[in-house]
>>> print(open('start-v5.pdb').read())   # PDB, C-alpha atoms
ATOM      1  CA  MET A   1       4.834 -25.344   1.917
ATOM      2  CA  THR A   2       2.395 -23.781  -0.526
ATOM      3  CA  THR A   3       1.625 -20.327  -1.889
ATOM      4  CA  ARG A   4      -2.004 -21.077  -2.763
ATOM      5  CA  TYR A   5      -4.358 -18.682  -1.030
ATOM      6  CA  GLU A   6      -8.000 -19.254  -0.113
ATOM      7  CA  VAL A   7     -10.671 -16.884   1.177
ATOM      8  CA  ALA A   8     -11.203 -17.475   4.898
ATOM      9  CA  VAL A   9     -13.585 -14.574   5.570
ATOM     10  CA  ARG A  10     -15.163 -12.644   2.730
ATOM     11  CA  ALA A  11     -15.605  -9.124   4.060
ATOM     12  CA  GLU A  12     -15.340  -5.452   3.164
ATOM     13  CA  ALA A  13     -13.298  -4.186   6.100
ATOM     14  CA  GLU A  14     -12.085  -0.626   5.667
ATOM     15  CA  LEU A  15      -8.800  -1.409   7.375
ATOM     16  CA  GLY A  16      -8.621  -5.085   8.287
ATOM     17  CA  GLU A  17      -5.655  -5.741  10.566
ATOM     18  CA  GLY A  18      -4.015  -7.730  13.330
ATOM     19  CA  PRO A  19      -4.824 -11.443  12.807
ATOM     20  CA  THR A  20      -4.074 -13.317  16.038
ATOM     21  CA  TRP A  21      -4.676 -16.941  16.980
ATOM     22  CA  ASP A  22      -6.441 -17.358  20.318
ATOM     23  CA  ALA A  23      -5.402 -20.896  21.239
ATOM     24  CA  ALA A  24      -7.682 -21.029  24.290
ATOM     25  CA  THR A  25     -10.827 -20.557  22.193
ATOM     26  CA  GLY A  26      -9.634 -21.973  18.864
ATOM     27  CA  ARG A  27     -10.547 -18.752  17.085
ATOM     28  CA  LEU A  28      -8.806 -16.203  14.909
ATOM     29  CA  LEU A  29      -9.077 -12.639  16.200
ATOM     30  CA  TRP A  30      -8.859  -9.709  13.795
ATOM     31  CA  ILE A  31     -10.039  -6.121  13.624
ATOM     32  CA  ASP A  32     -11.272  -3.396  11.318
ATOM     33  CA  ILE A  33      -9.469  -0.350  12.692
ATOM     34  CA  LEU A  34     -11.499   2.387  10.998
ATOM     35  CA  GLY A  35     -14.699   0.353  11.092
ATOM     36  CA  SER A  36     -14.326   0.060  14.895
ATOM     37  CA  ARG A  37     -14.966  -3.683  14.893
ATOM     38  CA  VAL A  38     -13.434  -6.694  16.637
ATOM     39  CA  HIS A  39     -13.992  -9.913  14.676
ATOM     40  CA  THR A  40     -13.562 -13.579  15.510
ATOM     41  CA  TYR A  41     -13.492 -16.515  13.098
ATOM     42  CA  ASP A  42     -13.571 -20.218  13.945
ATOM     43  CA  PRO A  43     -11.885 -22.175  11.121
ATOM     44  CA  ALA A  44     -13.383 -25.437  12.401
ATOM     45  CA  ASP A  45     -16.986 -24.481  11.692
ATOM     46  CA  GLY A  46     -16.821 -21.077   9.978
ATOM     47  CA  ARG A  47     -18.613 -19.318  12.831
ATOM     48  CA  ARG A  48     -17.966 -15.588  13.067
ATOM     49  CA  THR A  49     -18.712 -12.902  15.625
ATOM     50  CA  VAL A  50     -18.438  -9.125  15.433
ATOM     51  CA  ARG A  51     -18.208  -6.673  18.317
ATOM     52  CA  ARG A  52     -18.480  -2.901  17.940
ATOM     53  CA  THR A  53     -16.037  -0.593  19.680
ATOM     54  CA  GLU A  54     -16.961   2.967  20.527
ATOM     55  CA  GLN A  55     -13.650   4.231  19.115
ATOM     56  CA  HIS A  56     -11.070   3.127  16.584
ATOM     57  CA  VAL A  57      -9.283  -0.057  17.663
ATOM     58  CA  GLY A  58      -5.678  -0.725  16.646
ATOM     59  CA  ALA A  59      -5.236  -4.287  17.916
ATOM     60  CA  VAL A  60      -6.852  -7.117  19.897
ATOM     61  CA  LYS A  61      -5.001  -9.858  21.795
ATOM     62  CA  PRO A  62      -5.998 -12.659  24.197
ATOM     63  CA  ARG A  63      -5.509 -12.264  27.945
ATOM     64  CA  VAL A  64      -4.240 -14.816  30.424
ATOM     65  CA  GLY A  65      -7.273 -16.435  32.002
ATOM     66  CA  GLY A  66      -9.548 -15.409  29.139
ATOM     67  CA  GLY A  67     -10.889 -12.174  27.730
ATOM     68  CA  LEU A  68      -9.241  -9.663  25.446
ATOM     69  CA  VAL A  69      -7.010  -6.620  25.594
ATOM     70  CA  LEU A  70      -7.665  -3.843  23.076
ATOM     71  CA  ASN A  71      -5.331  -1.129  21.835
ATOM     72  CA  LEU A  72      -7.902   1.660  21.519
ATOM     73  CA  ARG A  73      -7.621   5.199  20.234
ATOM     74  CA  ASP A  74      -7.736   6.613  23.757
ATOM     75  CA  GLY A  75      -5.985   3.882  25.726
ATOM     76  CA  ILE A  76      -5.798   0.216  26.623
ATOM     77  CA  GLY A  77      -9.132  -1.537  27.144
ATOM     78  CA  LEU A  78      -9.834  -4.893  28.813
ATOM     79  CA  LEU A  79     -12.709  -7.277  28.152
ATOM     80  CA  ASP A  80     -13.592 -10.132  30.488
ATOM     81  CA  ALA A  81     -14.008 -13.667  29.202
ATOM     82  CA  ASP A  82     -17.747 -13.604  29.863
ATOM     83  CA  SER A  83     -18.360 -10.326  28.028
ATOM     84  CA  ASP A  84     -21.119 -10.460  25.448
ATOM     85  CA  THR A  85     -20.027 -10.449  21.815
ATOM     86  CA  ASP A  86     -22.487  -7.690  20.949
ATOM     87  CA  GLY A  87     -22.658  -4.086  22.047
ATOM     88  CA  ASP A  88     -19.970  -1.470  22.639
ATOM     89  CA  THR A  89     -16.663  -1.710  24.437
ATOM     90  CA  GLY A  90     -15.605   0.800  27.034
ATOM     91  CA  SER A  91     -12.860   3.369  26.757
ATOM     92  CA  GLY A  92      -9.309   2.485  27.692
ATOM     93  CA  THR A  93      -6.738   4.085  29.922
ATOM     94  CA  GLY A  94      -3.020   3.880  30.406
ATOM     95  CA  GLY A  95       0.105   6.012  30.422
ATOM     96  CA  ASP A  96       1.274   7.253  27.032
ATOM     97  CA  HIS A  97      -1.945   5.888  25.547
ATOM     98  CA  GLU A  98      -4.037   8.568  27.174
ATOM     99  CA  PRO A  99      -5.947  10.581  24.547
ATOM    100  CA  VAL A 100      -3.820  12.758  22.270
ATOM    101  CA  PRO A 101      -5.722  14.864  19.714
ATOM    102  CA  GLY A 102      -5.113  13.623  16.187
ATOM    103  CA  ARG A 103      -3.518  10.338  17.280
ATOM    104  CA  ARG A 104      -4.827   6.788  17.321
ATOM    105  CA  ALA A 105      -3.763   3.309  18.318
ATOM    106  CA  ASN A 106      -2.222   0.988  15.756
ATOM    107  CA  ASP A 107      -0.648  -2.477  15.715
ATOM    108  CA  ALA A 108       0.334  -4.264  18.938
ATOM    109  CA  ALA A 109       1.959  -7.532  19.987
ATOM    110  CA  VAL A 110       2.475  -9.551  23.154
ATOM    111  CA  ALA A 111       6.094 -10.252  24.144
ATOM    112  CA  PRO A 112       7.334 -13.583  25.521
ATOM    113  CA  ASP A 113       7.029 -12.183  29.064
ATOM    114  CA  GLY A 114       3.331 -11.366  28.603
ATOM    115  CA  THR A 115       3.712  -7.607  28.241
ATOM    116  CA  LEU A 116       1.793  -5.729  25.555
ATOM    117  CA  TRP A 117       3.843  -3.650  23.094
ATOM    118  CA  ALA A 118       1.339  -1.171  21.699
ATOM    119  CA  GLY A 119       1.881   1.286  18.875
ATOM    120  CA  THR A 120       0.333   4.623  17.990
ATOM    121  CA  MET A 121       0.358   6.949  14.988
ATOM    122  CA  ARG A 122      -1.165  10.237  13.943
ATOM    123  CA  TYR A 123      -4.159  10.162  11.643
ATOM    124  CA  ASP A 124      -2.278  12.455   9.242
ATOM    125  CA  GLU A 125       0.823  10.221   9.512
ATOM    126  CA  ALA A 126       2.965  13.169  10.572
ATOM    127  CA  PRO A 127       6.616  12.065  10.897
ATOM    128  CA  GLY A 128       7.552  11.129  14.458
ATOM    129  CA  GLY A 129       3.983  11.504  15.710
ATOM    130  CA  GLY A 130       3.666   7.954  17.018
ATOM    131  CA  THR A 131       5.171   5.746  19.714
ATOM    132  CA  LEU A 132       5.740   2.142  20.730
ATOM    133  CA  SER A 133       5.046   1.487  24.415
ATOM    134  CA  ARG A 134       5.404  -1.526  26.713
ATOM    135  CA  ILE A 135       2.464  -2.183  29.051
ATOM    136  CA  THR A 136       2.850  -4.649  31.921
ATOM    137  CA  GLY A 137       0.136  -6.799  33.452
ATOM    138  CA  ASP A 138      -0.299  -4.338  36.325
ATOM    139  CA  GLY A 139      -0.862  -1.453  33.904
ATOM    140  CA  SER A 140       2.472   0.343  34.115
ATOM    141  CA  VAL A 141       3.617   1.910  30.840
ATOM    142  CA  GLU A 142       7.068   2.570  29.430
ATOM    143  CA  VAL A 143       7.669   4.296  26.097
ATOM    144  CA  VAL A 144      10.140   2.150  24.154
ATOM    145  CA  LEU A 145      10.290   4.169  20.920
ATOM    146  CA  ASP A 146       9.168   7.795  20.872
ATOM    147  CA  ASP A 147       9.922   8.921  17.313
ATOM    148  CA  VAL A 148       7.766   6.616  15.205
ATOM    149  CA  THR A 149       5.573   7.611  12.278
ATOM    150  CA  VAL A 150       3.434   4.466  11.723
ATOM    151  CA  SER A 151       4.162   1.826  14.364
ATOM    152  CA  ASN A 152       3.598  -1.628  12.876
ATOM    153  CA  GLY A 153       4.659  -5.255  12.867
ATOM    154  CA  THR A 154       6.263  -6.004  16.213
ATOM    155  CA  GLY A 155       7.494  -9.570  16.837
ATOM    156  CA  TRP A 156      10.154 -11.640  18.588
ATOM    157  CA  SER A 157      12.594 -14.357  17.559
ATOM    158  CA  PRO A 158      11.915 -17.895  18.846
ATOM    159  CA  ASP A 159      14.391 -17.425  21.712
ATOM    160  CA  GLY A 160      13.098 -13.928  22.534
ATOM    161  CA  ARG A 161      16.522 -12.348  22.107
ATOM    162  CA  LEU A 162      15.584 -10.310  19.031
ATOM    163  CA  MET A 163      12.671  -7.943  18.452
ATOM    164  CA  TYR A 164      11.462  -6.877  15.015
ATOM    165  CA  HIS A 165       9.535  -3.696  14.282
ATOM    166  CA  ASN A 166       8.323  -1.779  11.234
ATOM    167  CA  ASP A 167       7.979   1.978  11.026
ATOM    168  CA  THR A 168       6.102   1.628   7.764
ATOM    169  CA  PRO A 169       7.119   4.775   5.809
ATOM    170  CA  THR A 170      10.829   3.994   6.294
ATOM    171  CA  ARG A 171      10.415   0.851   4.112
ATOM    172  CA  ARG A 172      12.622  -0.987   6.640
ATOM    173  CA  ILE A 173      12.176  -4.053   8.777
ATOM    174  CA  ASP A 174      14.291  -3.191  11.825
ATOM    175  CA  VAL A 175      15.724  -5.630  14.345
ATOM    176  CA  PHE A 176      16.768  -4.936  17.945
ATOM    177  CA  ASP A 177      18.518  -6.890  20.638
ATOM    178  CA  HIS A 178      15.943  -7.658  23.347
ATOM    179  CA  ALA A 179      16.480  -8.540  27.003
ATOM    180  CA  ASP A 180      14.435  -7.928  30.158
ATOM    181  CA  GLY A 181      11.923  -5.750  28.320
ATOM    182  CA  LYS A 182      14.622  -3.460  26.913
ATOM    183  CA  VAL A 183      15.738  -3.053  23.298
ATOM    184  CA  SER A 184      19.052  -1.857  21.903
ATOM    185  CA  GLY A 185      21.308  -2.114  18.875
ATOM    186  CA  ARG A 186      18.753  -1.081  16.267
ATOM    187  CA  ARG A 187      19.719  -2.127  12.747
ATOM    188  CA  THR A 188      18.058  -2.976   9.437
ATOM    189  CA  LEU A 189      17.091  -6.582   8.723
ATOM    190  CA  ALA A 190      15.767  -5.816   5.240
ATOM    191  CA  GLU A 191      14.603  -2.877   3.166
ATOM    192  CA  ILE A 192      11.643  -3.013   0.800
ATOM    193  CA  GLU A 193      12.641  -1.657  -2.582
ATOM    194  CA  VAL A 194      10.801   1.306  -4.101
ATOM    195  CA  GLY A 195       7.744   0.140  -5.993
ATOM    196  CA  ALA A 196       7.310  -3.074  -3.995
ATOM    197  CA  GLY A 197       5.134  -1.592  -1.246
ATOM    198  CA  PHE A 198       5.643  -0.740   2.425
ATOM    199  CA  PRO A 199       6.195  -3.110   5.379
ATOM    200  CA  ASP A 200       3.060  -3.392   7.489
ATOM    201  CA  GLY A 201       2.275  -6.180   9.980
ATOM    202  CA  LEU A 202       4.673  -9.076  10.522
ATOM    203  CA  THR A 203       4.965 -12.446  12.205
ATOM    204  CA  VAL A 204       7.942 -14.673  13.070
ATOM    205  CA  ASP A 205       7.869 -18.402  12.353
ATOM    206  CA  ALA A 206       9.381 -21.347  14.217
ATOM    207  CA  GLU A 207      12.544 -21.147  12.106
ATOM    208  CA  GLY A 208      13.062 -17.510  13.069
ATOM    209  CA  CYS A 209      12.075 -16.196   9.639
ATOM    210  CA  VAL A 210      10.100 -12.957   9.375
ATOM    211  CA  TRP A 211       6.915 -12.817   7.304
ATOM    212  CA  VAL A 212       5.845  -9.293   6.410
ATOM    213  CA  ALA A 213       2.676  -7.949   4.750
ATOM    214  CA  LEU A 214       3.271  -5.339   2.065
ATOM    215  CA  TRP A 215       0.892  -2.382   1.976
ATOM    216  CA  ASP A 216       0.484  -1.363  -1.682
ATOM    217  CA  GLY A 217       2.663  -4.362  -2.517
ATOM    218  CA  ALA A 218       0.007  -7.067  -3.103
ATOM    219  CA  ALA A 219       2.125  -9.692  -1.376
ATOM    220  CA  VAL A 220       3.504 -11.270   1.766
ATOM    221  CA  ARG A 221       7.259 -11.843   1.934
ATOM    222  CA  ARG A 222       9.373 -14.155   4.079
ATOM    223  CA  TYR A 223      12.881 -13.100   5.124
ATOM    224  CA  THR A 224      15.464 -15.336   6.775
ATOM    225  CA  PRO A 225      17.070 -14.276  10.076
ATOM    226  CA  ASP A 226      19.976 -12.993   7.942
ATOM    227  CA  GLY A 227      17.659 -10.695   6.002
ATOM    228  CA  GLU A 228      17.597 -12.736   2.795
ATOM    229  CA  LEU A 229      14.330 -12.807   0.855
ATOM    230  CA  ASP A 230      13.357 -16.446   0.340
ATOM    231  CA  ARG A 231       9.601 -16.482  -0.388
ATOM    232  CA  VAL A 232       7.009 -14.206  -1.959
ATOM    233  CA  ILE A 233       3.275 -14.919  -1.830
ATOM    234  CA  PRO A 234       1.450 -12.788  -4.459
ATOM    235  CA  LEU A 235      -2.092 -11.770  -3.502
ATOM    236  CA  PRO A 236      -5.067 -10.368  -5.442
ATOM    237  CA  VAL A 237      -5.336  -7.160  -3.407
ATOM    238  CA  PRO A 238      -2.899  -4.231  -3.175
ATOM    239  CA  ARG A 239      -3.308  -3.308   0.486
ATOM    240  CA  VAL A 240      -2.072  -6.291   2.471
ATOM    241  CA  THR A 241      -1.929  -5.320   6.139
ATOM    242  CA  ALA A 242      -0.795  -8.168   8.417
ATOM    243  CA  CYS A 243      -0.261 -11.918   8.684
ATOM    244  CA  ALA A 244      -0.161 -14.569  11.410
ATOM    245  CA  PHE A 245       0.025 -18.336  11.737
ATOM    246  CA  ALA A 246      -3.140 -19.859  13.111
ATOM    247  CA  GLY A 247      -5.060 -23.085  13.436
ATOM    248  CA  PRO A 248      -4.470 -25.970  15.864
ATOM    249  CA  ASP A 249      -1.050 -26.759  14.393
ATOM    250  CA  LEU A 250      -0.103 -23.126  13.603
ATOM    251  CA  THR A 251       0.576 -24.027   9.981
ATOM    252  CA  ASP A 252      -1.959 -21.857   8.151
ATOM    253  CA  LEU A 253      -0.985 -18.252   7.360
ATOM    254  CA  TYR A 254      -3.922 -15.856   7.774
ATOM    255  CA  ILE A 255      -3.670 -12.498   6.034
ATOM    256  CA  THR A 256      -5.747  -9.342   6.582
ATOM    257  CA  THR A 257      -6.375  -6.746   3.878
ATOM    258  CA  ALA A 258      -7.825  -3.257   3.467
ATOM    259  CA  ARG A 259      -9.901  -1.272   1.002
ATOM    260  CA  VAL A 260      -9.467   2.202   2.519
ATOM    261  CA  GLY A 261      -8.224   4.804   0.045
ATOM    262  CA  LEU A 262      -8.824   2.662  -3.038
ATOM    263  CA  ALA A 263     -11.049   4.253  -5.693
ATOM    264  CA  SER A 264     -11.947   0.847  -7.158
ATOM    265  CA  PRO A 265     -11.060  -1.837  -4.606
ATOM    266  CA  PRO A 266     -10.531  -5.337  -6.025
ATOM    267  CA  PRO A 267     -13.307  -7.730  -4.949
ATOM    268  CA  LEU A 268     -11.358  -9.344  -2.091
ATOM    269  CA  SER A 269     -10.080  -6.102  -0.570
ATOM    270  CA  GLY A 270     -11.078  -6.086   3.107
ATOM    271  CA  SER A 271     -11.316  -9.882   3.294
ATOM    272  CA  VAL A 272      -9.218 -12.310   5.337
ATOM    273  CA  LEU A 273      -7.186 -14.689   3.166
ATOM    274  CA  VAL A 274      -5.388 -17.869   4.211
ATOM    275  CA  VAL A 275      -2.492 -19.862   2.789
ATOM    276  CA  PRO A 276      -2.861 -23.441   4.102
ATOM    277  CA  ASP A 277       0.304 -25.266   5.167
ATOM    278  CA  ALA A 278       2.441 -22.182   4.589
ATOM    279  CA  GLY A 279       4.929 -23.055   7.332
ATOM    280  CA  LYS A 280       5.048 -23.421  11.110
ATOM    281  CA  GLY A 281       4.287 -20.551  13.427
ATOM    282  CA  LEU A 282       5.194 -19.851  17.033
ATOM    283  CA  ALA A 283       2.699 -20.138  19.868
ATOM    284  CA  GLN A 284       1.829 -16.590  20.899
ATOM    285  CA  PRO A 285       1.640 -15.640  24.593
ATOM    286  CA  ALA A 286      -1.426 -13.978  26.062
ATOM    287  CA  PHE A 287      -1.329 -10.582  27.749
ATOM    288  CA  ALA A 288      -0.633 -10.941  31.458
ATOM    289  CA  GLY A 289      -3.103  -8.222  32.490
TER     290      GLY A 289
END
>>> encode(input="start-v5.pdb", output="structure tokens")
Amino acid sequence: MTTRYEVAVRAEAELGEGPTWDAATGRLLWIDILGSRVHTYDPADGRRTVRRTEQHVGAVKPRVGGGLVLNLRDGIGLLDADSDTDGDTGSGTGGDHEPVPGRRANDAAVAPDGTLWAGTMRYDEAPGGGTLSRITGDGSVEVVLDDVTVSNGTGWSPDGRLMYHNDTPTRRIDVFDHADGKVSGRRTLAEIEVGAGFPDGLTVDAEGCVWVALWDGAAVRRYTPDGELDRVIPLPVPRVTACAFAGPDLTDLYITTARVGLASPPPLSGSVLVVPDAGKGLAQPAFAG
């Protein structure tokens, strides 16, 4: 395992986020939330595509049978597999994700059962202004957490019995017991010390370890299932937003970054970085809708 990073996609995303490996197409999906863009990157040939969205987009994930699901400002949006890669997306709909003034979509993840767990937050980051909701393939919505400030970094253990989640301003990586789409027994896996940044997006590897991106921390950290810190990957940008294993063997760690709010962003802020042979990731399910 290495800690050597490379530049996968040189970009100037305002708020790059949500790297996700789409195994069916062999492409990395990622977004620029505030730039309202959905990006793809093919590591085999370097080909990239960009699709505009008509509103801020918090996450993009593959769908069963092809196409994409989007966590949009005003709801959940679906794209068919044969949709063009240019032009605007439509608005979304769905339960708690119906438009709320001052609120937008944020990070999302697909659970082992194919449901989408989609987060929201207020633009002003007002405490308790966000949620985490579970959306099934038929479109039904259940609010799982209703007192979240910045919903981020949802993921599951290899056996699906644990769920991890970050409410970023708390500095905690929380862990829940998970069964049949329900969570309970919330407790702290690890707490990021003051001065080391805030936990943003996360991913879980094949050994059950949790990798977390540190906003204003210029690093990605790996924690064991017992909450012990066992690896730190320093990075040349302060605002590290999310990470995910990708590539045919799920061994390369892709990392998104942001430049929003920085008076003098370092040159690679907003780019997608990659650490080759960082570990072994878990195959991610597609959304069942």
>>> closest_residue(input="start-v5.pdb", among="A:Ala8, A:Ala105, A:Leu250, A:Val110", to="Ile33 in chain A", atoms="only C-alpha atoms")
A:Ala105
>>> resolve_selection(input="start-v5.pdb", expression="the PyMOL selection byres ((chain A and resi 56) around 10)", output="ChimeraX atom specification")
/A:31-37,52-55,57-59,71-74,104-106
>>> closest_residue(input="start-v5.pdb", among="A:Ala278, A:Leu15, A:Val194, A:Leu268", to="Ile233 in chain A", atoms="all atoms listed in the file")
A:Ala278
>>> resolve_selection(input="start-v5.pdb", expression="the PyMOL selection byres ((chain A and resi 142) around 9)", output="PyMOL selection string")
chain A and resi 95-96+132-136+140-141+143-144
>>> atom_distance(input="start-v5.pdb", atom1="CA of Ala109 in chain A", atom2="CA of Lys61 in chain A")
7.6 Å
>>> residues_around(input="start-v5.pdb", residues="Arg103 in chain A", least_positions_apart="3", cutoff="6 Å", atoms="all atoms listed in the file", output="tab-separated table (two decimals) with C-alpha atoms, in the coordinates of the input")
chain	number	residue	atom	x	y	z
A	100	VAL	CA	-3.82	12.76	22.27
A	121	MET	CA	0.36	6.95	14.99
A	122	ARG	CA	-1.16	10.24	13.94
A	123	TYR	CA	-4.16	10.16	11.64
>>> atom_distance(input="start-v5.pdb", atom1="CA of Gly128 in chain A", atom2="CA of Gly102 in chain A")
13.0 Å
>>> decode(input="start-v5.pdb", residues="range 164-184 of chain A", atoms="N, CA, C and O atoms", output="PDB file, in the first residue's frame")
ATOM      1  N   TYR A 164     -21.865   3.843   8.895  1.00  0.00           N
ATOM      2  CA  TYR A 164     -21.078   4.980   9.352  1.00  0.00           C
ATOM      3  C   TYR A 164     -21.655   6.260   8.761  1.00  0.00           C
ATOM      4  O   TYR A 164     -22.186   6.257   7.643  1.00  0.00           O
ATOM      5  N   HIS A 165     -21.543   7.342   9.512  1.00  0.00           N
ATOM      6  CA  HIS A 165     -22.085   8.620   9.032  1.00  0.00           C
ATOM      7  C   HIS A 165     -21.344   9.765   9.719  1.00  0.00           C
ATOM      8  O   HIS A 165     -21.012   9.680  10.910  1.00  0.00           O
ATOM      9  N   ASN A 166     -21.104  10.827   8.937  1.00  0.00           N
ATOM     10  CA  ASN A 166     -20.481  12.034   9.485  1.00  0.00           C
ATOM     11  C   ASN A 166     -21.469  13.187   9.459  1.00  0.00           C
ATOM     12  O   ASN A 166     -22.029  13.487   8.403  1.00  0.00           O
ATOM     13  N   ASP A 167     -21.683  13.818  10.599  1.00  0.00           N
ATOM     14  CA  ASP A 167     -22.285  15.144  10.648  1.00  0.00           C
ATOM     15  C   ASP A 167     -21.096  16.074  10.855  1.00  0.00           C
ATOM     16  O   ASP A 167     -20.590  16.236  11.964  1.00  0.00           O
ATOM     17  N   THR A 168     -20.618  16.656   9.774  1.00  0.00           N
ATOM     18  CA  THR A 168     -19.280  17.238   9.715  1.00  0.00           C
ATOM     19  C   THR A 168     -18.912  18.170  10.870  1.00  0.00           C
ATOM     20  O   THR A 168     -17.831  18.023  11.459  1.00  0.00           O
ATOM     21  N   PRO A 169     -19.753  19.144  11.261  1.00  0.00           N
ATOM     22  CA  PRO A 169     -19.318  20.062  12.320  1.00  0.00           C
ATOM     23  C   PRO A 169     -19.093  19.404  13.684  1.00  0.00           C
ATOM     24  O   PRO A 169     -18.419  19.987  14.537  1.00  0.00           O
ATOM     25  N   THR A 170     -19.620  18.208  13.901  1.00  0.00           N
ATOM     26  CA  THR A 170     -19.424  17.541  15.192  1.00  0.00           C
ATOM     27  C   THR A 170     -18.007  17.012  15.358  1.00  0.00           C
ATOM     28  O   THR A 170     -17.618  16.638  16.469  1.00  0.00           O
ATOM     29  N   ARG A 171     -17.254  16.922  14.262  1.00  0.00           N
ATOM     30  CA  ARG A 171     -15.898  16.343  14.222  1.00  0.00           C
ATOM     31  C   ARG A 171     -15.891  14.840  14.462  1.00  0.00           C
ATOM     32  O   ARG A 171     -14.845  14.233  14.562  1.00  0.00           O
ATOM     33  N   ARG A 172     -17.059  14.200  14.510  1.00  0.00           N
ATOM     34  CA  ARG A 172     -17.131  12.772  14.819  1.00  0.00           C
ATOM     35  C   ARG A 172     -17.418  11.934  13.583  1.00  0.00           C
ATOM     36  O   ARG A 172     -18.145  12.358  12.691  1.00  0.00           O
ATOM     37  N   ILE A 173     -16.847  10.728  13.584  1.00  0.00           N
ATOM     38  CA  ILE A 173     -17.306   9.664  12.703  1.00  0.00           C
ATOM     39  C   ILE A 173     -18.178   8.772  13.580  1.00  0.00           C
ATOM     40  O   ILE A 173     -17.697   8.168  14.539  1.00  0.00           O
ATOM     41  N   ASP A 174     -19.479   8.740  13.293  1.00  0.00           N
ATOM     42  CA  ASP A 174     -20.407   7.948  14.096  1.00  0.00           C
ATOM     43  C   ASP A 174     -20.659   6.599  13.446  1.00  0.00           C
ATOM     44  O   ASP A 174     -20.608   6.456  12.215  1.00  0.00           O
ATOM     45  N   VAL A 175     -20.974   5.613  14.279  1.00  0.00           N
ATOM     46  CA  VAL A 175     -21.294   4.278  13.781  1.00  0.00           C
ATOM     47  C   VAL A 175     -22.613   3.842  14.398  1.00  0.00           C
ATOM     48  O   VAL A 175     -22.903   4.141  15.569  1.00  0.00           O
ATOM     49  N   PHE A 176     -23.433   3.164  13.598  1.00  0.00           N
ATOM     50  CA  PHE A 176     -24.743   2.673  14.014  1.00  0.00           C
ATOM     51  C   PHE A 176     -24.813   1.178  13.751  1.00  0.00           C
ATOM     52  O   PHE A 176     -24.172   0.669  12.830  1.00  0.00           O
ATOM     53  N   ASP A 177     -25.642   0.492  14.500  1.00  0.00           N
ATOM     54  CA  ASP A 177     -26.042  -0.854  14.117  1.00  0.00           C
ATOM     55  C   ASP A 177     -27.073  -0.720  12.999  1.00  0.00           C
ATOM     56  O   ASP A 177     -27.938   0.166  13.033  1.00  0.00           O
ATOM     57  N   HIS A 178     -26.982  -1.598  11.987  1.00  0.00           N
ATOM     58  CA  HIS A 178     -27.857  -1.499  10.824  1.00  0.00           C
ATOM     59  C   HIS A 178     -28.467  -2.854  10.521  1.00  0.00           C
ATOM     60  O   HIS A 178     -27.765  -3.863  10.433  1.00  0.00           O
ATOM     61  N   ALA A 179     -29.792  -2.872  10.374  1.00  0.00           N
ATOM     62  CA  ALA A 179     -30.504  -4.095   9.998  1.00  0.00           C
ATOM     63  C   ALA A 179     -31.832  -3.723   9.371  1.00  0.00           C
ATOM     64  O   ALA A 179     -32.569  -2.877   9.908  1.00  0.00           O
ATOM     65  N   ASP A 180     -32.148  -4.329   8.244  1.00  0.00           N
ATOM     66  CA  ASP A 180     -33.444  -4.139   7.576  1.00  0.00           C
ATOM     67  C   ASP A 180     -33.765  -2.670   7.325  1.00  0.00           C
ATOM     68  O   ASP A 180     -34.909  -2.233   7.456  1.00  0.00           O
ATOM     69  N   GLY A 181     -32.750  -1.889   6.966  1.00  0.00           N
ATOM     70  CA  GLY A 181     -32.966  -0.485   6.652  1.00  0.00           C
ATOM     71  C   GLY A 181     -33.140   0.412   7.857  1.00  0.00           C
ATOM     72  O   GLY A 181     -33.453   1.595   7.699  1.00  0.00           O
ATOM     73  N   LYS A 182     -32.934  -0.122   9.053  1.00  0.00           N
ATOM     74  CA  LYS A 182     -33.065   0.662  10.283  1.00  0.00           C
ATOM     75  C   LYS A 182     -31.692   0.808  10.944  1.00  0.00           C
ATOM     76  O   LYS A 182     -30.838  -0.078  10.826  1.00  0.00           O
ATOM     77  N   VAL A 183     -31.496   1.922  11.646  1.00  0.00           N
ATOM     78  CA  VAL A 183     -30.249   2.119  12.386  1.00  0.00           C
ATOM     79  C   VAL A 183     -30.568   2.376  13.850  1.00  0.00           C
ATOM     80  O   VAL A 183     -31.623   2.914  14.204  1.00  0.00           O
ATOM     81  N   SER A 184     -29.628   1.978  14.712  1.00  0.00           N
ATOM     82  CA  SER A 184     -29.796   2.147  16.149  1.00  0.00           C
ATOM     83  C   SER A 184     -28.420   2.141  16.804  1.00  0.00           C
ATOM     84  O   SER A 184     -27.404   1.880  16.147  1.00  0.00           O
TER      85      SER A 184
END
